[in-house]
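Text of work.pdb, listed as PDB, C-alpha atoms:
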```pdb
ATOM      1  CA  MET A  25     126.026  93.550 117.456  1.00  0.00           C
ATOM      2  CA  THR A  26     126.628  90.046 118.812  1.00  0.00           C
ATOM      3  CA  ALA A  27     127.688  87.068 116.767  1.00  0.00           C
ATOM      4  CA  LEU A  28     125.060  84.443 116.002  1.00  0.00           C
ATOM      5  CA  ASN A  29     126.598  81.860 118.309  1.00  0.00           C
ATOM      6  CA  GLU A  30     126.789  84.268 121.271  1.00  0.00           C
ATOM      7  CA  ARG A  31     123.951  84.053 123.758  1.00  0.00           C
ATOM      8  CA  ALA A  32     122.253  86.944 125.479  1.00  0.00           C
ATOM      9  CA  PRO A  33     123.274  87.361 129.107  1.00  0.00           C
ATOM     10  CA  VAL A  34     120.945  85.915 131.722  1.00  0.00           C
ATOM     11  CA  ASP A  35     119.448  88.719 133.817  1.00  0.00           C
ATOM     12  CA  ALA A  36     118.385  86.710 136.869  1.00  0.00           C
ATOM     13  CA  LEU A  37     116.806  89.681 138.660  1.00  0.00           C
ATOM     14  CA  THR A  38     114.481  90.500 135.750  1.00  0.00           C
ATOM     15  CA  ILE A  39     113.571  86.843 135.308  1.00  0.00           C
ATOM     16  CA  ARG A  40     112.728  86.562 139.032  1.00  0.00           C
ATOM     17  CA  GLU A  41     110.577  89.695 138.910  1.00  0.00           C
ATOM     18  CA  THR A  42     108.689  88.395 135.870  1.00  0.00           C
ATOM     19  CA  TYR A  43     108.089  84.872 137.130  1.00  0.00           C
ATOM     20  CA  THR A  44     106.969  86.216 140.509  1.00  0.00           C
ATOM     21  CA  VAL A  45     104.151  88.090 138.762  1.00  0.00           C
ATOM     22  CA  GLY A  46     103.363  84.939 136.757  1.00  0.00           C
ATOM     23  CA  LEU A  47     103.268  82.757 139.854  1.00  0.00           C
ATOM     24  CA  ASP A  48     100.903  85.199 141.543  1.00  0.00           C
ATOM     25  CA  VAL A  49      98.587  85.614 138.560  1.00  0.00           C
ATOM     26  CA  TRP A  50      95.684  84.204 140.628  1.00  0.00           C
ATOM     27  CA  GLY A  51      96.610  85.898 143.897  1.00  0.00           C
ATOM     28  CA  THR A  52      96.948  89.602 144.518  1.00  0.00           C
ATOM     29  CA  CYS A  53      96.982  90.305 140.776  1.00  0.00           C
ATOM     30  CA  PRO A  54      93.820  88.729 139.289  1.00  0.00           C
ATOM     31  CA  PRO A  55      94.238  87.748 135.613  1.00  0.00           C
ATOM     32  CA  GLU A  56      91.974  90.555 134.412  1.00  0.00           C
ATOM     33  CA  LEU A  57      94.297  93.156 135.979  1.00  0.00           C
ATOM     34  CA  VAL A  58      97.564  91.676 134.711  1.00  0.00           C
ATOM     35  CA  LYS A  59      98.586  92.545 131.175  1.00  0.00           C
ATOM     36  CA  LEU A  60      98.656  88.877 130.196  1.00  0.00           C
ATOM     37  CA  LYS A  61      99.875  89.402 126.645  1.00  0.00           C
ATOM     38  CA  THR A  62     102.937  91.296 127.887  1.00  0.00           C
ATOM     39  CA  LEU A  63     103.519  88.848 130.741  1.00  0.00           C
ATOM     40  CA  LEU A  64     103.251  85.838 128.424  1.00  0.00           C
ATOM     41  CA  GLY A  65     105.705  87.405 125.989  1.00  0.00           C
ATOM     42  CA  ARG A  66     108.247  88.078 128.717  1.00  0.00           C
ATOM     43  CA  LEU A  67     107.894  84.628 130.242  1.00  0.00           C
ATOM     44  CA  ARG A  68     108.253  82.960 126.828  1.00  0.00           C
ATOM     45  CA  GLY A  69     111.362  85.048 126.220  1.00  0.00           C
ATOM     46  CA  HIS A  70     112.883  84.031 129.541  1.00  0.00           C
ATOM     47  CA  VAL A  71     112.161  80.353 128.889  1.00  0.00           C
ATOM     48  CA  GLN A  72     113.614  80.601 125.371  1.00  0.00           C
ATOM     49  CA  LEU A  73     116.730  82.268 126.794  1.00  0.00           C
ATOM     50  CA  LEU A  74     117.215  79.733 129.593  1.00  0.00           C
ATOM     51  CA  VAL A  75     116.491  76.479 127.728  1.00  0.00           C
ATOM     52  CA  PRO A  76     119.740  76.435 125.688  1.00  0.00           C
ATOM     53  CA  GLU A  77     121.744  77.529 128.736  1.00  0.00           C
ATOM     54  CA  VAL A  78     120.348  74.752 130.933  1.00  0.00           C
ATOM     55  CA  THR A  79     120.580  72.221 128.086  1.00  0.00           C
ATOM     56  CA  ALA A  80     124.307  72.952 127.760  1.00  0.00           C
ATOM     57  CA  ILE A  81     124.814  72.589 131.515  1.00  0.00           C
ATOM     58  CA  ALA A  82     122.569  69.495 131.807  1.00  0.00           C
ATOM     59  CA  ALA A  83     125.020  67.480 129.719  1.00  0.00           C
ATOM     60  CA  ARG A  84     127.551  68.036 132.527  1.00  0.00           C
ATOM     61  CA  MET A  85     125.147  67.410 135.449  1.00  0.00           C
ATOM     62  CA  ARG A  86     124.967  64.163 137.354  1.00  0.00           C
ATOM     63  CA  GLY A  87     122.280  62.092 139.060  1.00  0.00           C
ATOM     64  CA  GLU A  88     118.952  63.588 140.060  1.00  0.00           C
ATOM     65  CA  MET A  89     120.005  67.095 139.035  1.00  0.00           C
ATOM     66  CA  ARG A  90     120.470  65.868 135.477  1.00  0.00           C
ATOM     67  CA  GLN A  91     117.161  63.973 135.512  1.00  0.00           C
ATOM     68  CA  THR A  92     115.376  67.044 136.839  1.00  0.00           C
ATOM     69  CA  ALA A  93     117.043  69.288 134.269  1.00  0.00           C
ATOM     70  CA  VAL A  94     116.014  67.000 131.402  1.00  0.00           C
ATOM     71  CA  TYR A  95     112.435  66.870 132.700  1.00  0.00           C
ATOM     72  CA  VAL A  96     112.255  70.667 133.001  1.00  0.00           C
ATOM     73  CA  ILE A  97     113.778  71.155 129.530  1.00  0.00           C
ATOM     74  CA  VAL A  98     111.240  68.748 128.013  1.00  0.00           C
ATOM     75  CA  ARG A  99     108.338  70.499 129.775  1.00  0.00           C
ATOM     76  CA  ALA A 100     109.662  73.877 128.619  1.00  0.00           C
ATOM     77  CA  HIS A 101     109.672  72.690 125.010  1.00  0.00           C
ATOM     78  CA  ARG A 102     106.115  71.357 125.367  1.00  0.00           C
ATOM     79  CA  LEU A 103     104.842  74.597 126.918  1.00  0.00           C
ATOM     80  CA  LEU A 104     106.416  76.647 124.157  1.00  0.00           C
ATOM     81  CA  GLU A 105     104.832  74.327 121.549  1.00  0.00           C
ATOM     82  CA  GLU A 106     101.379  74.377 123.128  1.00  0.00           C
ATOM     83  CA  GLY A 107     101.016  78.103 123.565  1.00  0.00           C
ATOM     84  CA  ALA A 108      98.193  79.735 125.469  1.00  0.00           C
ATOM     85  CA  GLY A 109      94.512  79.268 124.803  1.00  0.00           C
ATOM     86  CA  LYS A 110      92.221  82.072 123.745  1.00  0.00           C
ATOM     87  CA  SER A 111      90.382  82.774 127.005  1.00  0.00           C
ATOM     88  CA  GLN A 112      91.762  84.921 129.825  1.00  0.00           C
ATOM     89  CA  VAL A 113      91.688  81.888 132.132  1.00  0.00           C
ATOM     90  CA  ALA A 114      93.680  79.755 129.667  1.00  0.00           C
ATOM     91  CA  LYS A 115      96.206  82.564 129.225  1.00  0.00           C
ATOM     92  CA  ALA A 116      96.539  82.991 132.988  1.00  0.00           C
ATOM     93  CA  CYS A 117      97.063  79.236 133.446  1.00  0.00           C
ATOM     94  CA  HIS A 118      99.702  79.244 130.709  1.00  0.00           C
ATOM     95  CA  ALA A 119     101.414  82.255 132.299  1.00  0.00           C
ATOM     96  CA  GLN A 120     101.566  80.425 135.611  1.00  0.00           C
ATOM     97  CA  ASP A 121     102.966  77.293 133.939  1.00  0.00           C
ATOM     98  CA  LEU A 122     105.633  79.353 132.142  1.00  0.00           C
ATOM     99  CA  ALA A 123     106.477  81.075 135.444  1.00  0.00           C
ATOM    100  CA  VAL A 124     106.995  77.702 137.137  1.00  0.00           C
ATOM    101  CA  ILE A 125     109.251  76.526 134.309  1.00  0.00           C
ATOM    102  CA  SER A 126     111.148  79.851 134.307  1.00  0.00           C
ATOM    103  CA  ARG A 127     111.825  79.505 138.021  1.00  0.00           C
ATOM    104  CA  ALA A 128     112.939  75.884 137.626  1.00  0.00           C
ATOM    105  CA  LEU A 129     115.233  76.736 134.693  1.00  0.00           C
ATOM    106  CA  LEU A 130     116.799  79.666 136.529  1.00  0.00           C
ATOM    107  CA  THR A 131     117.351  77.530 139.640  1.00  0.00           C
ATOM    108  CA  LEU A 132     119.041  74.829 137.556  1.00  0.00           C
ATOM    109  CA  PHE A 133     121.123  77.444 135.753  1.00  0.00           C
ATOM    110  CA  GLU A 134     122.318  79.066 138.974  1.00  0.00           C
ATOM    111  CA  ASN A 135     122.668  75.875 141.066  1.00  0.00           C
ATOM    112  CA  PRO A 136     123.585  72.986 138.750  1.00  0.00           C
ATOM    113  CA  GLY A 137     125.370  70.955 141.407  1.00  0.00           C
ATOM    114  CA  PRO A 138     128.758  69.342 140.809  1.00  0.00           C
ATOM    115  CA  LEU A 139     129.562  69.259 137.104  1.00  0.00           C
ATOM    116  CA  GLY A 140     131.580  66.664 135.259  1.00  0.00           C
ATOM    117  CA  PRO A 141     132.582  66.230 131.652  1.00  0.00           C
ATOM    118  CA  SER A 142     129.834  66.551 129.058  1.00  0.00           C
ATOM    119  CA  THR A 143     128.173  63.166 128.409  1.00  0.00           C
ATOM    120  CA  GLY A 144     124.992  61.828 126.877  1.00  0.00           C
ATOM    121  CA  THR A 145     123.937  64.891 124.901  1.00  0.00           C
ATOM    122  CA  SER A 146     122.082  62.633 122.460  1.00  0.00           C
ATOM    123  CA  ASP A 147     120.002  61.286 125.385  1.00  0.00           C
ATOM    124  CA  ILE A 148     118.898  64.828 126.219  1.00  0.00           C
ATOM    125  CA  GLU A 149     118.023  65.571 122.585  1.00  0.00           C
ATOM    126  CA  GLU A 150     116.093  62.279 122.347  1.00  0.00           C
ATOM    127  CA  ALA A 151     114.111  63.114 125.491  1.00  0.00           C
ATOM    128  CA  ILE A 152     113.206  66.518 124.070  1.00  0.00           C
ATOM    129  CA  ARG A 153     111.941  65.014 120.824  1.00  0.00           C
ATOM    130  CA  GLY A 154     110.332  61.969 122.443  1.00  0.00           C
ATOM    131  CA  ARG A 155     106.682  61.629 123.307  1.00  0.00           C
ATOM    132  CA  ILE A 156     105.286  59.097 125.759  1.00  0.00           C
ATOM    133  CA  CYS A 157     101.831  57.548 125.338  1.00  0.00           C
ATOM    134  CA  GLY A 158      99.743  58.412 128.400  1.00  0.00           C
ATOM    135  CA  ALA A 159      97.690  55.238 127.948  1.00  0.00           C
ATOM    136  CA  CYS A 160     100.393  52.563 127.701  1.00  0.00           C
ATOM    137  CA  SER A 161     103.482  54.525 128.892  1.00  0.00           C
ATOM    138  CA  ARG A 162     105.512  53.449 125.840  1.00  0.00           C
ATOM    139  CA  LEU A 163     107.556  55.808 123.706  1.00  0.00           C
ATOM    140  CA  ILE A 164     105.700  56.929 120.592  1.00  0.00           C
ATOM    141  CA  ALA A 165     108.169  56.007 117.876  1.00  0.00           C
ATOM    142  CA  SER A 166     108.910  58.163 114.878  1.00  0.00           C
ATOM    143  CA  GLY A 167     106.240  57.514 112.259  1.00  0.00           C
ATOM    144  CA  GLU A 168     103.646  56.189 114.716  1.00  0.00           C
ATOM    145  CA  SER A 169     100.443  58.185 114.730  1.00  0.00           C
ATOM    146  CA  TYR A 170      99.408  59.929 117.923  1.00  0.00           C
ATOM    147  CA  GLU A 171      96.986  62.530 119.207  1.00  0.00           C
ATOM    148  CA  ARG A 172      97.140  65.205 121.886  1.00  0.00           C
ATOM    149  CA  VAL A 173      94.652  64.431 124.632  1.00  0.00           C
ATOM    150  CA  LEU A 174      93.597  65.730 128.014  1.00  0.00           C
ATOM    151  CA  PHE A 175      93.946  63.067 130.707  1.00  0.00           C
ATOM    152  CA  ALA A 176      91.836  63.282 133.863  1.00  0.00           C
ATOM    153  CA  SER A 177      93.763  64.273 136.956  1.00  0.00           C
ATOM    154  CA  GLU A 178      92.830  64.466 140.621  1.00  0.00           C
ATOM    155  CA  ALA A 179      95.348  67.267 141.106  1.00  0.00           C
ATOM    156  CA  SER A 180      93.996  69.574 138.405  1.00  0.00           C
ATOM    157  CA  GLY A 181      91.446  69.905 135.654  1.00  0.00           C
ATOM    158  CA  GLY A 182      93.530  67.665 133.463  1.00  0.00           C
ATOM    159  CA  ILE A 183      96.979  66.938 132.148  1.00  0.00           C
ATOM    160  CA  HIS A 184      97.816  67.439 128.473  1.00  0.00           C
ATOM    161  CA  GLY A 185      99.636  64.543 126.922  1.00  0.00           C
ATOM    162  CA  TYR A 186      99.922  62.211 123.949  1.00  0.00           C
ATOM    163  CA  ARG A 187      98.299  58.913 123.098  1.00  0.00           C
ATOM    164  CA  HIS A 188      98.833  56.418 120.294  1.00  0.00           C
ATOM    165  CA  THR A 189      95.954  56.485 117.838  1.00  0.00           C
ATOM    166  CA  ASP A 190      96.279  52.955 116.486  1.00  0.00           C
ATOM    167  CA  SER A 191      99.306  51.099 117.827  1.00  0.00           C
ATOM    168  CA  CYS A 192      98.526  51.101 121.535  1.00  0.00           C
ATOM    169  CA  VAL A 193      97.158  48.028 123.334  1.00  0.00           C
ATOM    170  CA  VAL A 194      95.223  50.200 125.803  1.00  0.00           C
ATOM    171  CA  VAL A 195      93.600  52.275 123.041  1.00  0.00           C
ATOM    172  CA  ALA A 196      92.736  49.086 121.118  1.00  0.00           C
ATOM    173  CA  GLU A 197      91.035  47.635 124.227  1.00  0.00           C
ATOM    174  CA  GLU A 198      89.046  50.873 124.705  1.00  0.00           C
ATOM    175  CA  ARG A 199      87.868  50.744 121.091  1.00  0.00           C
ATOM    176  CA  ARG A 200      86.907  47.057 121.383  1.00  0.00           C
ATOM    177  CA  ALA A 201      84.868  47.833 124.498  1.00  0.00           C
ATOM    178  CA  GLN A 202      83.138  50.715 122.691  1.00  0.00           C
ATOM    179  CA  LEU A 203      82.303  48.447 119.747  1.00  0.00           C
ATOM    180  CA  ARG A 204      80.915  45.726 122.046  1.00  0.00           C
ATOM    181  CA  ALA A 205      78.645  48.310 123.664  1.00  0.00           C
ATOM    182  CA  ILE A 206      77.046  49.153 120.305  1.00  0.00           C
TER     183      ILE A 206
END
```
What do you get writing this file as structure tokens?
Amino acid sequence: MTALNERAPVDALTIRETYTVGLDVWGTCPPELVKLKTLLGRLRGHVQLLVPEVTAIAARMRGEMRQTAVYVIVRAHRLLEEGAGKSQVAKACHAQDLAVISRALLTLFENPGPLGPSTGTSDIEEAIRGRICGACSRLIASGESYERVLFASEASGGIHGYRHTDSCVVVAEERRAQLRAI
């Protein structure tokens, strides 16, 4: 039995095999033929294993590698929070997203670049907890109300994000325009 503070070893080969299936969920393995429940469970497990490893290393990274690591860690947390939808298509999309994040986390874990002393761990934690309003691009402060929304995107069917519900200038302008139209 391992102690509570010991982490499971990272099995890079297994993670690569799993995320390869997840990345190809729309290709040679259509979603209806892939055991999505099993695949999602494995991908979630890999992400949960890699996030603390990369978080620990990110505090020692520099420059763009650090910025990329923080972005990937934040996205990993959001994907784990969101979970998959109920339909096969939603589950397949979520599997592909988890596969992308798994690959990014493993790449950062294996190739972190030159490492220095650990600095700015509170910045990383703040980024993980922080939410940005997709309407005004300001940080949604603790205690401010917000909602999860789907923003239109030319690159995909939409991007999930957050938006102030009452303290955002952009949202207030939208509501004023709606009221004028009535």
Can you list, as a list in words, every protein, DNA or RNA residue that comes within 8 Å of segment 99-105 of chain A when you count only C-alpha atoms, leaving out same-chain residues fewer than 4 positions away?
Arg68, Val71, Val75, Tyr95, His118, Asp121, Leu122, Ile125 and Ile152 of chain A
Export of prior selection with C-alpha atoms as a tab-separated table (two decimals), in the frame of the given file:
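Output below, filename result-v4.tsv:
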```
chain	number	residue	atom	x	y	z
A	68	ARG	CA	108.25	82.96	126.83
A	71	VAL	CA	112.16	80.35	128.89
A	75	VAL	CA	116.49	76.48	127.73
A	95	TYR	CA	112.44	66.87	132.70
A	118	HIS	CA	99.70	79.24	130.71
A	121	ASP	CA	102.97	77.29	133.94
A	122	LEU	CA	105.63	79.35	132.14
A	125	ILE	CA	109.25	76.53	134.31
A	152	ILE	CA	113.21	66.52	124.07
```
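Put simply, the PyMOL selection byres ((chain A and resi 189-202) around 9) in this file takes in Cys157, Ala159, Cys160, Arg162, Glu168, Ser169, Tyr170, Glu171, Arg187, His188, Leu203, Arg204, Ala205 and Ile206 of chain A.
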Exactly which residues make up the result of the PyMOL selection byres ((chain A and resi 140-143) around 7) on this file, given as a PyMOL selection string?
chain A and resi 83-85+138-139+144-145
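Residue nearest Leu73 of chain A, chosen from A:Glu106, A:Asp35, A:Asp48, A:Glu88 and counting only C-alpha atoms: A:Asp35.
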Which is closest to Val45 of chain A among A:Met89, A:Ala128, A:Val113, A:Leu60, if we use all atoms listed in the file?
A:Leu60
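Here atom CA of Ala36 of chain A and atom CA of Leu64 of chain A stand 17.4 Å from one another.
Separating atom CA of Leu130 of chain A from atom CA of Ile39 of chain A is a distance of 8.0 Å.
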